[in-house]
>>> print(open('model19.csv').read())   # CSV, C-alpha atoms
chain,number,residue,atom,x,y,z
A,1,MET,CA,-30.1,177.6,45.9
A,2,ALA,CA,-30.4,177.2,42.1
A,3,SER,CA,-32.1,174.2,40.5
A,4,GLY,CA,-30.8,172.0,37.7
A,5,ILE,CA,-32.7,171.1,34.6
A,6,ARG,CA,-32.8,167.7,32.9
A,7,LEU,CA,-34.4,166.9,29.6
A,8,GLN,CA,-34.8,163.2,28.8
A,9,SER,CA,-35.5,162.1,25.2
A,10,VAL,CA,-37.7,165.1,24.7
A,11,ARG,CA,-39.7,165.3,21.5
A,12,LYS,CA,-42.3,167.8,20.2
A,13,PHE,CA,-44.7,167.3,17.4
A,14,PHE,CA,-47.0,169.9,15.8
A,15,GLY,CA,-49.3,167.6,14.0
A,16,ALA,CA,-47.1,165.3,11.9
A,17,ASN,CA,-44.2,167.8,12.0
A,18,GLU,CA,-41.5,166.8,14.5
A,19,VAL,CA,-39.7,170.0,15.6
A,20,ILE,CA,-37.8,168.6,18.6
A,21,LYS,CA,-36.2,165.3,17.8
A,22,GLY,CA,-35.2,163.4,21.0
A,23,ILE,CA,-33.1,165.8,23.0
A,24,ASP,CA,-31.2,164.8,26.1
A,25,LEU,CA,-29.8,167.8,28.0
A,26,GLU,CA,-28.5,168.2,31.6
A,27,ILE,CA,-28.1,171.7,33.0
A,28,GLU,CA,-26.3,172.0,36.3
A,29,PRO,CA,-27.6,174.2,39.1
A,30,GLY,CA,-26.3,177.8,38.7
A,31,GLU,CA,-25.3,177.3,35.0
A,32,PHE,CA,-25.9,179.9,32.3
A,33,VAL,CA,-26.8,177.8,29.3
A,34,VAL,CA,-27.4,179.4,25.9
A,35,LEU,CA,-29.5,177.7,23.2
A,36,VAL,CA,-28.3,179.1,19.9
A,37,GLY,CA,-29.0,178.3,16.3
A,38,PRO,CA,-30.6,179.6,13.2
A,39,SER,CA,-34.3,180.6,13.0
A,40,GLY,CA,-36.6,177.6,13.0
A,41,CYS,CA,-34.1,175.2,14.7
A,42,GLY,CA,-36.4,174.6,17.7
A,43,LYS,CA,-34.7,176.6,20.4
A,44,SER,CA,-37.7,178.7,21.5
A,45,THR,CA,-39.9,175.6,21.4
A,46,LEU,CA,-37.4,173.8,23.7
A,47,LEU,CA,-37.4,176.8,26.1
A,48,ASN,CA,-41.2,176.9,26.1
A,49,MET,CA,-41.3,173.2,27.0
A,50,ILE,CA,-39.0,173.9,30.0
A,51,ALA,CA,-41.4,176.7,31.0
A,52,GLY,CA,-44.5,174.6,30.5
A,53,LEU,CA,-45.9,176.9,27.8
A,54,GLU,CA,-45.7,173.9,25.4
A,55,THR,CA,-46.5,170.3,26.2
A,56,VAL,CA,-43.9,167.6,25.8
A,57,SER,CA,-45.0,165.1,23.1
A,58,GLU,CA,-42.5,162.4,24.4
A,59,GLY,CA,-39.9,162.3,27.1
A,60,HIS,CA,-39.6,164.2,30.4
A,61,VAL,CA,-38.6,167.6,31.8
A,62,GLN,CA,-37.2,167.7,35.3
A,63,ILE,CA,-36.5,170.9,37.3
A,64,GLY,CA,-34.8,170.6,40.6
A,65,GLY,CA,-34.9,166.8,40.4
A,66,LYS,CA,-38.7,166.8,40.1
A,67,THR,CA,-40.6,165.8,36.9
A,68,VAL,CA,-42.7,168.7,35.8
A,69,ASP,CA,-44.3,167.3,32.6
A,70,ASN,CA,-47.8,168.1,33.9
A,71,VAL,CA,-47.0,171.0,36.2
A,72,PRO,CA,-48.4,174.4,35.1
A,73,PRO,CA,-45.9,177.2,34.5
A,74,ARG,CA,-46.8,179.1,37.7
A,75,ASP,CA,-45.8,176.1,39.8
A,76,ARG,CA,-42.5,175.4,38.2
A,77,ASP,CA,-40.5,178.0,40.2
A,78,ILE,CA,-39.3,179.7,37.0
A,79,ALA,CA,-39.5,183.2,35.6
A,80,MET,CA,-39.4,184.1,32.0
A,81,VAL,CA,-38.3,187.3,30.1
A,82,PHE,CA,-39.6,187.7,26.6
A,83,GLN,CA,-38.4,189.5,23.5
A,84,SER,CA,-41.5,191.7,23.6
A,85,TYR,CA,-41.2,193.0,27.2
A,86,ALA,CA,-45.0,192.2,27.7
A,87,LEU,CA,-45.5,195.2,30.1
A,88,TYR,CA,-48.9,196.7,31.0
A,89,PRO,CA,-48.9,200.1,29.2
A,90,THR,CA,-51.4,201.7,31.7
A,91,LYS,CA,-49.5,200.6,34.8
A,92,THR,CA,-46.4,202.3,36.3
A,93,VAL,CA,-43.0,200.6,36.4
A,94,ARG,CA,-43.7,199.9,40.1
A,95,GLU,CA,-47.1,198.4,39.4
A,96,ASN,CA,-45.7,196.3,36.5
A,97,ILE,CA,-43.1,194.8,38.8
A,98,THR,CA,-45.4,194.1,41.7
A,99,PHE,CA,-48.5,192.9,39.7
A,100,GLY,CA,-47.5,189.2,40.0
A,101,MET,CA,-46.7,189.6,43.7
A,102,GLN,CA,-50.1,191.1,44.3
A,103,THR,CA,-51.9,188.2,42.6
A,104,ARG,CA,-49.9,185.8,44.8
A,105,GLY,CA,-51.0,187.6,48.0
A,106,ILE,CA,-47.5,188.8,49.0
A,107,SER,CA,-47.6,191.6,51.7
A,108,LYS,CA,-47.1,195.2,50.6
A,109,THR,CA,-44.0,195.4,52.9
A,110,ASP,CA,-42.4,192.5,51.1
A,111,GLN,CA,-43.4,193.9,47.7
A,112,ARG,CA,-41.8,197.3,48.6
A,113,MET,CA,-38.6,195.6,49.8
A,114,ALA,CA,-38.3,193.5,46.6
A,115,VAL,CA,-39.0,196.5,44.4
A,116,ASP,CA,-36.3,198.6,46.3
A,117,GLU,CA,-33.8,195.8,46.0
A,118,PHE,CA,-34.1,194.9,42.4
A,119,SER,CA,-34.8,198.4,41.0
A,120,ARG,CA,-31.5,199.5,42.5
A,121,LEU,CA,-29.8,196.4,41.1
A,122,LEU,CA,-31.2,197.1,37.6
A,123,GLN,CA,-30.8,200.9,37.9
A,124,ILE,CA,-34.5,201.6,37.3
A,125,ASP,CA,-35.2,203.1,40.8
A,126,HIS,CA,-35.6,206.6,39.2
A,127,TYR,CA,-38.3,205.4,36.8
A,128,LEU,CA,-40.7,203.6,39.2
A,129,ASP,CA,-43.5,206.1,38.8
A,130,ARG,CA,-43.3,206.3,35.0
A,131,LYS,CA,-45.3,204.3,32.4
A,132,PRO,CA,-43.6,202.0,29.9
A,133,GLY,CA,-44.3,204.4,27.1
A,134,GLN,CA,-42.0,207.0,28.8
A,135,LEU,CA,-39.1,204.6,28.8
A,136,SER,CA,-36.4,203.6,26.3
A,137,GLY,CA,-36.2,200.0,25.0
A,138,GLY,CA,-33.3,199.2,27.3
A,139,GLN,CA,-35.2,200.6,30.3
A,140,ARG,CA,-38.3,198.6,29.4
A,141,GLN,CA,-36.2,195.4,29.2
A,142,ARG,CA,-34.8,196.2,32.6
A,143,VAL,CA,-38.4,196.5,34.0
A,144,ALA,CA,-39.3,193.1,32.4
A,145,MET,CA,-36.2,191.6,34.1
A,146,GLY,CA,-37.2,193.3,37.4
A,147,ARG,CA,-40.6,191.7,37.2
A,148,ALA,CA,-39.0,188.3,36.8
A,149,LEU,CA,-36.4,188.9,39.6
A,150,VAL,CA,-38.9,189.8,42.3
A,151,ARG,CA,-40.3,186.4,42.1
A,152,LYS,CA,-36.9,185.0,43.3
A,153,PRO,CA,-37.3,181.8,41.2
A,154,GLU,CA,-34.7,179.1,41.0
A,155,VAL,CA,-34.6,179.2,37.2
A,156,PHE,CA,-34.6,182.1,34.7
A,157,LEU,CA,-35.7,181.6,31.1
A,158,PHE,CA,-34.8,184.3,28.5
A,159,ASP,CA,-36.3,184.2,25.0
A,160,GLU,CA,-34.2,186.5,22.8
A,161,PRO,CA,-34.6,189.4,25.3
A,162,LEU,CA,-32.2,191.8,23.4
A,163,SER,CA,-33.3,191.3,19.8
A,164,ASN,CA,-35.4,194.5,19.8
A,165,LEU,CA,-32.5,196.7,21.0
A,166,ASP,CA,-30.0,198.6,19.0
A,167,ALA,CA,-26.4,197.4,18.8
A,168,LYS,CA,-25.0,199.6,21.6
A,169,LEU,CA,-27.9,198.8,24.0
A,170,ARG,CA,-27.5,195.1,23.3
A,171,ILE,CA,-23.9,195.2,24.4
A,172,GLU,CA,-24.8,197.1,27.5
A,173,MET,CA,-27.7,194.8,28.5
A,174,ARG,CA,-25.5,191.7,27.7
A,175,THR,CA,-23.1,193.0,30.4
A,176,GLU,CA,-25.9,193.7,32.8
A,177,ILE,CA,-27.3,190.2,32.4
A,178,LYS,CA,-23.9,188.6,33.0
A,179,LYS,CA,-23.4,190.7,36.1
A,180,LEU,CA,-26.8,189.7,37.3
A,181,HIS,CA,-26.0,186.0,36.9
A,182,GLN,CA,-22.7,186.3,38.7
A,183,ARG,CA,-24.4,188.1,41.6
A,184,LEU,CA,-27.5,185.8,42.0
A,185,GLY,CA,-26.0,182.5,40.9
A,186,LYS,CA,-29.4,181.2,39.6
A,187,THR,CA,-29.8,178.8,36.7
A,188,VAL,CA,-30.3,180.6,33.4
A,189,VAL,CA,-31.5,179.2,30.1
A,190,TYR,CA,-31.2,181.8,27.4
A,191,VAL,CA,-32.3,181.6,23.7
A,192,THR,CA,-30.7,183.6,21.0
A,193,HIS,CA,-29.8,183.4,17.3
A,194,ASP,CA,-26.8,185.7,18.0
A,195,GLN,CA,-23.7,183.7,18.4
A,196,ILE,CA,-21.7,186.6,19.9
A,197,GLU,CA,-24.3,186.8,22.7
A,198,ALA,CA,-23.9,183.0,23.1
A,199,MET,CA,-20.1,183.2,23.3
A,200,THR,CA,-20.0,186.1,25.8
A,201,LEU,CA,-22.8,185.0,28.2
A,202,ALA,CA,-22.7,181.2,28.4
A,203,THR,CA,-21.0,178.9,30.7
A,204,ARG,CA,-22.1,176.2,28.2
A,205,ILE,CA,-23.6,176.6,24.7
A,206,ALA,CA,-26.1,174.2,23.1
A,207,VAL,CA,-25.8,174.7,19.3
A,208,MET,CA,-29.1,173.6,17.8
A,209,ASP,CA,-30.0,172.7,14.2
A,210,ASN,CA,-33.2,171.2,12.9
A,211,GLY,CA,-34.5,170.0,16.2
A,212,HIS,CA,-31.2,168.4,17.3
A,213,ILE,CA,-28.4,169.6,19.6
A,214,ARG,CA,-25.2,169.4,17.5
A,215,GLN,CA,-22.8,170.3,20.3
A,216,PHE,CA,-23.1,171.1,24.0
A,217,ALA,CA,-19.9,172.5,25.5
A,218,ASP,CA,-18.2,175.6,27.0
A,219,PRO,CA,-17.8,178.5,24.6
A,220,ALA,CA,-14.0,177.9,24.0
A,221,THR,CA,-14.6,174.3,23.0
A,222,VAL,CA,-17.5,175.1,20.7
A,223,TYR,CA,-15.4,177.8,19.0
A,224,GLU,CA,-12.0,176.1,18.8
A,225,ASP,CA,-13.1,172.5,18.5
A,226,PRO,CA,-16.4,172.4,16.6
A,227,VAL,CA,-17.8,168.9,16.4
A,228,ASP,CA,-18.9,169.3,12.8
A,229,LEU,CA,-19.2,171.5,9.7
A,230,PHE,CA,-22.5,173.1,10.9
A,231,VAL,CA,-21.1,174.2,14.2
A,232,ALA,CA,-17.9,175.4,12.6
A,233,GLY,CA,-19.8,177.5,10.1
A,234,PHE,CA,-22.4,178.9,12.5
A,235,MET,CA,-20.1,179.9,15.4
A,236,GLY,CA,-17.7,182.8,14.7
A,237,SER,CA,-17.9,186.2,12.9
A,238,PRO,CA,-16.6,186.0,10.3
A,239,PRO,CA,-17.2,182.2,10.2
A,240,MET,CA,-14.5,179.6,9.9
A,241,ASN,CA,-12.9,179.4,6.4
A,242,MET,CA,-13.7,176.0,4.9
A,243,VAL,CA,-12.1,174.6,1.7
A,244,PRO,CA,-12.5,171.1,0.3
A,245,GLY,CA,-9.3,169.1,-0.2
A,246,ARG,CA,-7.7,165.6,0.1
A,247,LEU,CA,-5.5,164.0,2.7
A,248,ARG,CA,-2.0,163.3,1.6
A,249,ARG,CA,0.2,160.8,3.5
A,250,LEU,CA,3.8,161.9,2.9
A,251,ASP,CA,7.2,160.8,4.2
A,252,THR,CA,7.2,164.1,6.1
A,253,GLY,CA,3.8,163.5,7.7
A,254,LEU,CA,0.2,164.2,6.9
A,255,ALA,CA,-1.0,167.2,4.8
A,256,VAL,CA,-4.2,168.5,3.2
A,257,ASP,CA,-4.1,169.5,-0.5
A,258,ALA,CA,-6.7,172.3,-0.3
A,259,GLY,CA,-8.5,172.8,-3.6
A,260,ASN,CA,-10.8,171.0,-5.9
A,261,ASP,CA,-9.6,168.1,-8.0
A,262,GLY,CA,-7.9,169.2,-11.2
A,263,GLU,CA,-6.8,172.6,-9.8
A,264,ASP,CA,-3.5,173.6,-8.4
A,265,PRO,CA,-3.8,173.0,-4.6
A,266,VAL,CA,-2.2,174.6,-1.7
A,267,ARG,CA,-0.6,171.9,0.4
A,268,PHE,CA,-1.2,172.6,4.1
A,269,PRO,CA,1.0,170.4,6.4
A,270,LEU,CA,-0.8,169.1,9.6
A,271,PRO,CA,1.0,169.1,13.0
A,272,ALA,CA,2.0,165.6,14.2
A,273,ASP,CA,-0.5,165.6,17.1
A,274,LYS,CA,-3.4,166.3,14.7
A,275,ALA,CA,-2.2,163.8,12.2
A,276,ALA,CA,-2.0,161.1,14.9
A,277,ASP,CA,-5.8,161.5,15.4
A,278,ILE,CA,-6.7,161.0,11.8
A,279,ASP,CA,-7.2,157.5,10.6
A,280,ALA,CA,-8.0,157.8,6.9
A,281,PRO,CA,-6.3,156.8,3.7
A,282,ASP,CA,-4.3,158.9,1.3
A,283,GLY,CA,-6.6,160.8,-1.0
A,284,HIS,CA,-9.6,160.8,1.4
A,285,ALA,CA,-11.9,163.7,0.8
A,286,VAL,CA,-11.8,166.3,3.6
A,287,VAL,CA,-12.7,169.9,4.4
A,288,LEU,CA,-10.0,172.0,5.9
A,289,GLY,CA,-11.2,174.6,8.4
A,290,LEU,CA,-9.2,177.7,9.3
A,291,ARG,CA,-10.4,180.6,11.6
A,292,PRO,CA,-9.7,184.0,10.0
A,293,GLU,CA,-7.7,185.1,13.1
A,294,THR,CA,-5.3,182.2,12.6
A,295,ILE,CA,-4.3,183.6,9.2
A,296,PHE,CA,-2.2,186.8,9.3
A,297,ALA,CA,0.5,188.7,7.4
A,298,ALA,CA,3.7,186.6,7.3
A,299,GLY,CA,6.3,187.7,9.8
A,300,THR,CA,4.1,190.0,11.8
A,301,GLU,CA,3.4,187.6,14.7
A,302,LEU,CA,5.8,186.1,17.2
A,303,PRO,CA,7.4,182.9,15.8
A,304,GLY,CA,5.7,179.7,16.8
A,305,PRO,CA,5.5,176.0,15.9
A,306,ASN,CA,3.3,174.7,13.1
A,307,ARG,CA,3.3,177.8,11.0
A,308,PHE,CA,2.9,177.6,7.3
A,309,VAL,CA,3.5,180.4,4.8
A,310,PHE,CA,1.7,180.7,1.4
A,311,GLU,CA,1.0,183.5,-1.1
A,312,ARG,CA,-2.2,184.6,-2.7
A,313,PRO,CA,-3.4,187.8,-4.4
A,314,VAL,CA,-5.7,190.1,-2.5
A,315,GLU,CA,-9.3,190.0,-3.8
A,316,VAL,CA,-11.1,192.3,-1.3
A,317,VAL,CA,-10.1,194.6,1.6
A,318,GLU,CA,-12.6,195.2,4.4
A,319,PRO,CA,-11.5,197.6,7.1
A,320,THR,CA,-13.4,197.1,10.4
A,321,GLY,CA,-11.4,199.5,12.7
A,322,PRO,CA,-9.2,197.4,14.9
A,323,ASP,CA,-8.7,194.7,12.2
A,324,THR,CA,-8.8,194.5,8.5
A,325,MET,CA,-10.3,191.5,6.7
A,326,ILE,CA,-8.4,190.4,3.6
A,327,VAL,CA,-10.3,188.2,1.2
A,328,PHE,CA,-8.3,185.8,-1.0
A,329,GLN,CA,-9.1,182.7,-2.9
A,330,ILE,CA,-8.0,179.0,-2.9
A,331,ALA,CA,-9.4,177.0,-5.8
A,332,GLY,CA,-12.0,179.7,-6.5
A,333,ILE,CA,-13.3,179.7,-2.9
A,334,ASP,CA,-13.3,182.9,-0.9
A,335,MET,CA,-11.2,182.8,2.3
A,336,ILE,CA,-10.8,185.5,4.9
A,337,ALA,CA,-7.7,186.5,6.9
A,338,ARG,CA,-7.9,188.9,9.9
A,339,VAL,CA,-4.8,191.2,9.7
A,340,ARG,CA,-3.7,194.4,11.4
A,341,PRO,CA,-4.7,197.5,9.4
A,342,GLU,CA,-1.1,198.5,8.7
A,343,ASP,CA,-0.5,195.1,7.1
A,344,ALA,CA,-3.2,195.5,4.5
A,345,ARG,CA,-2.3,195.6,0.8
A,346,GLU,CA,-4.2,196.9,-2.3
A,347,ILE,CA,-6.5,194.7,-4.3
A,348,GLY,CA,-4.6,192.5,-6.7
A,349,ALA,CA,-1.3,192.6,-4.8
A,350,ALA,CA,0.5,189.4,-3.9
A,351,PHE,CA,0.2,188.8,-0.1
A,352,ARG,CA,2.3,186.4,1.9
A,353,PHE,CA,0.0,184.8,4.5
A,354,GLU,CA,1.1,182.8,7.5
A,355,VAL,CA,-1.3,180.4,9.2
A,356,ASP,CA,-1.2,178.7,12.5
A,357,MET,CA,-1.8,175.0,11.6
A,358,GLY,CA,-2.0,174.1,15.2
A,359,LYS,CA,-5.5,175.6,15.2
A,360,ALA,CA,-6.6,174.1,12.0
A,361,LYS,CA,-9.6,171.7,11.9
A,362,VAL,CA,-10.1,168.8,9.5
A,363,PHE,CA,-13.6,167.5,8.8
A,364,ASP,CA,-14.7,164.4,6.9
A,365,ALA,CA,-16.2,165.6,3.6
A,366,ASP,CA,-18.8,162.8,3.6
A,367,THR,CA,-20.1,162.9,7.2
A,368,GLY,CA,-19.2,166.5,8.1
A,369,LEU,CA,-17.8,165.4,11.4
A,370,GLY,CA,-14.5,166.6,12.8
A,371,MET,CA,-11.6,164.1,12.4
>>> encode(input="model19.csv", output="structure tokens")
Amino acid sequence: MASGIRLQSVRKFFGANEVIKGIDLEIEPGEFVVLVGPSGCGKSTLLNMIAGLETVSEGHVQIGGKTVDNVPPRDRDIAMVFQSYALYPTKTVRENITFGMQTRGISKTDQRMAVDEFSRLLQIDHYLDRKPGQLSGGQRQRVAMGRALVRKPEVFLFDEPLSNLDAKLRIEMRTEIKKLHQRLGKTVVYVTHDQIEAMTLATRIAVMDNGHIRQFADPATVYEDPVDLFVAGFMGSPPMNMVPGRLRRLDTGLAVDAGNDGEDPVRFPLPADKAADIDAPDGHAVVLGLRPETIFAAGTELPGPNRFVFERPVEVVEPTGPDTMIVFQIAGIDMIARVRPEDAREIGAAFRFEVDMGKAKVFDADTGLGM
């Protein structure tokens, strides 16, 4: 059975520098939680404190209901997979996988059974007598995972395990890791700066910034209902379009005049259900957030409620294969629409955009929080 993890008011200081700033986090048994955020936000430090590789300056770490603040890594029932593989170059794949088992005095029969089981699972059974230098990056990462799996821990910790792989291998290994979690059902904490990895792997995502967790929720919630401007801008590729504006309370309902003061704004009407949640006066400074995929060529999608049509000239056209990105401007700010390739127009052409305002987000310009 998998173990849960609980962090209680965890802080970490390096000298006078506080890098983890009072984090509370509860991970359920069997969850796949991804810590994501920009470089230097504290995600690897937090993972290392769970592993016992870094001490906790304040607060407590619990694994499986037991406080492990002073428990060494080898006694925490965890296994860790690093970015650098950390394989012994002079040992074979089999020897790399069984090395930890040998030091713990596990019988050769049990070692052989574990190697057979997990080498087949990871599709490295044909490479057991090779040295790491004879393997590709993806194969070496599988060996590192095999070494972790044979320990049969309750918790797996991954620290950017795919960052050294090329794009195609990253996608393949992402799928393998997801399959592995579905099959074993163990608790996983996974660190990455790649928000696509976070979205595809996680049952829940913890978005970190400057030693804090900004939002902890399932991938759909983090993407569709970001708690603040940081999460909205970090999650998504391309990121959410964000344009400053002001609330307008009209006889017809609530709208956002998107554009800087003194410039001709585009007035985006807000759906009644969104307007009902916003308690702010007329003229209040806001930021309107629109995902690129919610903006498309007018008339090309099935009709729906809360649609708004506006026109802007095309600034840049960026074909990506299945989609084409159209860059346009509102009040001098670049915005991106994701359209079908056949709907693209040449640069400078007037383009009629349609936006699904039911998926719009409004943020308070002063606090950055969603409204």
>>> closest_residue(input="model19.csv", among="A:Gly146, A:Phe296, A:Ile205, A:Ala167", to="Leu25 of chain A", atoms="all atoms listed in the file")
A:Ile205
>>> closest_residue(input="model19.csv", among="A:Asp264, A:Asp228, A:Asp279, A:Glu346", to="Ala365 of chain A", atoms="all atoms listed in the file")
A:Asp228
>>> closest_residue(input="model19.csv", among="A:Asp225, A:Asp69, A:Glu54, A:Asp159", to="Tyr85 of chain A", atoms="all atoms listed in the file")
A:Asp159
>>> residues_around(input="model19.csv", residues="segment 4-9 of chain A", least_positions_apart="6", cutoff="9 Å", atoms="all atoms listed in the file", output="list of chain:residue names")
A:Lys21, A:Gly22, A:Ile23, A:Asp24, A:Leu25, A:Glu26, A:Ile27, A:Glu28, A:Pro29, A:Gly30, A:Glu31, A:Ile50, A:Glu58, A:Gly59, A:His60, A:Val61, A:Gln62, A:Ile63, A:Gly64, A:Gly65, A:Thr67, A:Glu154, A:Val155, A:Thr187
>>> write_last_selection(input="model19.csv", atoms="C-alpha atoms", output="PDB file, in the frame of the given file")
ATOM      1  CA  LYS A  21     -36.200 165.300  17.800  1.00  0.00           C
ATOM      2  CA  GLY A  22     -35.200 163.400  21.000  1.00  0.00           C
ATOM      3  CA  ILE A  23     -33.100 165.800  23.000  1.00  0.00           C
ATOM      4  CA  ASP A  24     -31.200 164.800  26.100  1.00  0.00           C
ATOM      5  CA  LEU A  25     -29.800 167.800  28.000  1.00  0.00           C
ATOM      6  CA  GLU A  26     -28.500 168.200  31.600  1.00  0.00           C
ATOM      7  CA  ILE A  27     -28.100 171.700  33.000  1.00  0.00           C
ATOM      8  CA  GLU A  28     -26.300 172.000  36.300  1.00  0.00           C
ATOM      9  CA  PRO A  29     -27.600 174.200  39.100  1.00  0.00           C
ATOM     10  CA  GLY A  30     -26.300 177.800  38.700  1.00  0.00           C
ATOM     11  CA  GLU A  31     -25.300 177.300  35.000  1.00  0.00           C
ATOM     12  CA  ILE A  50     -39.000 173.900  30.000  1.00  0.00           C
ATOM     13  CA  GLU A  58     -42.500 162.400  24.400  1.00  0.00           C
ATOM     14  CA  GLY A  59     -39.900 162.300  27.100  1.00  0.00           C
ATOM     15  CA  HIS A  60     -39.600 164.200  30.400  1.00  0.00           C
ATOM     16  CA  VAL A  61     -38.600 167.600  31.800  1.00  0.00           C
ATOM     17  CA  GLN A  62     -37.200 167.700  35.300  1.00  0.00           C
ATOM     18  CA  ILE A  63     -36.500 170.900  37.300  1.00  0.00           C
ATOM     19  CA  GLY A  64     -34.800 170.600  40.600  1.00  0.00           C
ATOM     20  CA  GLY A  65     -34.900 166.800  40.400  1.00  0.00           C
ATOM     21  CA  THR A  67     -40.600 165.800  36.900  1.00  0.00           C
ATOM     22  CA  GLU A 154     -34.700 179.100  41.000  1.00  0.00           C
ATOM     23  CA  VAL A 155     -34.600 179.200  37.200  1.00  0.00           C
ATOM     24  CA  THR A 187     -29.800 178.800  36.700  1.00  0.00           C
TER      25      THR A 187
END
>>> residues_near_point(input="model19.csv", point="(-46.2, 201.6, 36.2)", cutoff="9 Å", atoms="all atoms listed in the file", output="PyMOL selection string")
chain A and resi 87-97+127-132
>>> atom_distance(input="model19.csv", atom1="atom CA of Arg248 of chain A", atom2="atom CA of Phe268 of chain A")
9.7 Å
>>> residues_around(input="model19.csv", residues="Leu302 of chain A", least_positions_apart="5", cutoff="12 Å", atoms="all atoms listed in the file", output="PyMOL selection string")
chain A and resi 296-297+307+354+356
>>> residues_around(input="model19.csv", residues="Asp194 of chain A", least_positions_apart="2", cutoff="9 Å", atoms="only C-alpha atoms", output="ChimeraX atom specification")
/A:36-38,160,163,191-192,196-199
>>> axis_aligned_box(input="model19.csv", around="segment 185-196 of chain A", padding_each_side="5 Å", output="lines of an AutoDock Vina configuration file")
center_x = -27.0
center_y = 182.7
center_z = 29.1
size_x = 20.6
size_y = 17.8
size_z = 33.6
>>> closest_residue(input="model19.csv", among="A:Gly358, A:Pro219, A:Pro239, A:Pro73", to="Ala51 of chain A", atoms="all atoms listed in the file")
A:Pro73
>>> atom_distance(input="model19.csv", atom1="atom CA of Cys41 of chain A", atom2="atom CA of Tyr223 of chain A")
19.4 Å
>>> residues_around(input="model19.csv", residues="Phe351 of chain A", least_positions_apart="5", cutoff="8 Å", atoms="only C-alpha atoms", output="mmCIF file with C-alpha atoms, in the coordinates of the input")
data_model
loop_
_atom_site.group_PDB
_atom_site.id
_atom_site.type_symbol
_atom_site.label_atom_id
_atom_site.label_comp_id
_atom_site.auth_asym_id
_atom_site.auth_seq_id
_atom_site.Cartn_x
_atom_site.Cartn_y
_atom_site.Cartn_z
ATOM 1 C CA ALA A 297 0.500 188.700 7.400
ATOM 2 C CA GLU A 311 1.000 183.500 -1.100
ATOM 3 C CA ARG A 312 -2.200 184.600 -2.700
ATOM 4 C CA PRO A 313 -3.400 187.800 -4.400
ATOM 5 C CA VAL A 314 -5.700 190.100 -2.500
ATOM 6 C CA ARG A 345 -2.300 195.600 0.800
#
>>> atom_distance(input="model19.csv", atom1="atom CA of Met235 of chain A", atom2="atom CA of Arg170 of chain A")
18.7 Å
>>> residues_around(input="model19.csv", residues="Gly40 of chain A", least_positions_apart="6", cutoff="12 Å", atoms="all atoms listed in the file", output="PDB file with C-alpha atoms, in the frame of the given file")
ATOM      1  CA  GLU A  18     -41.500 166.800  14.500  1.00  0.00           C
ATOM      2  CA  VAL A  19     -39.700 170.000  15.600  1.00  0.00           C
ATOM      3  CA  ILE A  20     -37.800 168.600  18.600  1.00  0.00           C
ATOM      4  CA  LEU A  46     -37.400 173.800  23.700  1.00  0.00           C
ATOM      5  CA  THR A 192     -30.700 183.600  21.000  1.00  0.00           C
ATOM      6  CA  HIS A 193     -29.800 183.400  17.300  1.00  0.00           C
ATOM      7  CA  MET A 208     -29.100 173.600  17.800  1.00  0.00           C
ATOM      8  CA  ASP A 209     -30.000 172.700  14.200  1.00  0.00           C
ATOM      9  CA  ASN A 210     -33.200 171.200  12.900  1.00  0.00           C
ATOM     10  CA  GLY A 211     -34.500 170.000  16.200  1.00  0.00           C
ATOM     11  CA  HIS A 212     -31.200 168.400  17.300  1.00  0.00           C
TER      12      HIS A 212
END
>>> closest_residue(input="model19.csv", among="A:Phe156, A:Ala350, A:Asp277, A:Gly236", to="Phe363 of chain A", atoms="all atoms listed in the file")
A:Asp277
>>> residues_near_point(input="model19.csv", point="(-8.7, 180.4, -6.3)", cutoff="10 Å", atoms="only C-alpha atoms", output="short mmCIF file (atom, residue, chain, number, x, y, z; two decimals) with C-alpha atoms, keeping the file's coordinate frame")
data_model
loop_
_atom_site.label_atom_id
_atom_site.label_comp_id
_atom_site.auth_asym_id
_atom_site.auth_seq_id
_atom_site.Cartn_x
_atom_site.Cartn_y
_atom_site.Cartn_z
CA GLY A 259 -8.50 172.80 -3.60
CA ASN A 260 -10.80 171.00 -5.90
CA GLU A 263 -6.80 172.60 -9.80
CA ASP A 264 -3.50 173.60 -8.40
CA PRO A 265 -3.80 173.00 -4.60
CA VAL A 266 -2.20 174.60 -1.70
CA ARG A 312 -2.20 184.60 -2.70
CA PRO A 313 -3.40 187.80 -4.40
CA GLU A 315 -9.30 190.00 -3.80
CA PHE A 328 -8.30 185.80 -1.00
CA GLN A 329 -9.10 182.70 -2.90
CA ILE A 330 -8.00 179.00 -2.90
CA ALA A 331 -9.40 177.00 -5.80
CA GLY A 332 -12.00 179.70 -6.50
CA ILE A 333 -13.30 179.70 -2.90
CA ASP A 334 -13.30 182.90 -0.90
CA MET A 335 -11.20 182.80 2.30
#
>>> closest_residue(input="model19.csv", among="A:Lys179, A:Arg74, A:Lys108, A:Arg11", to="Met49 of chain A", atoms="only C-alpha atoms")
A:Arg11
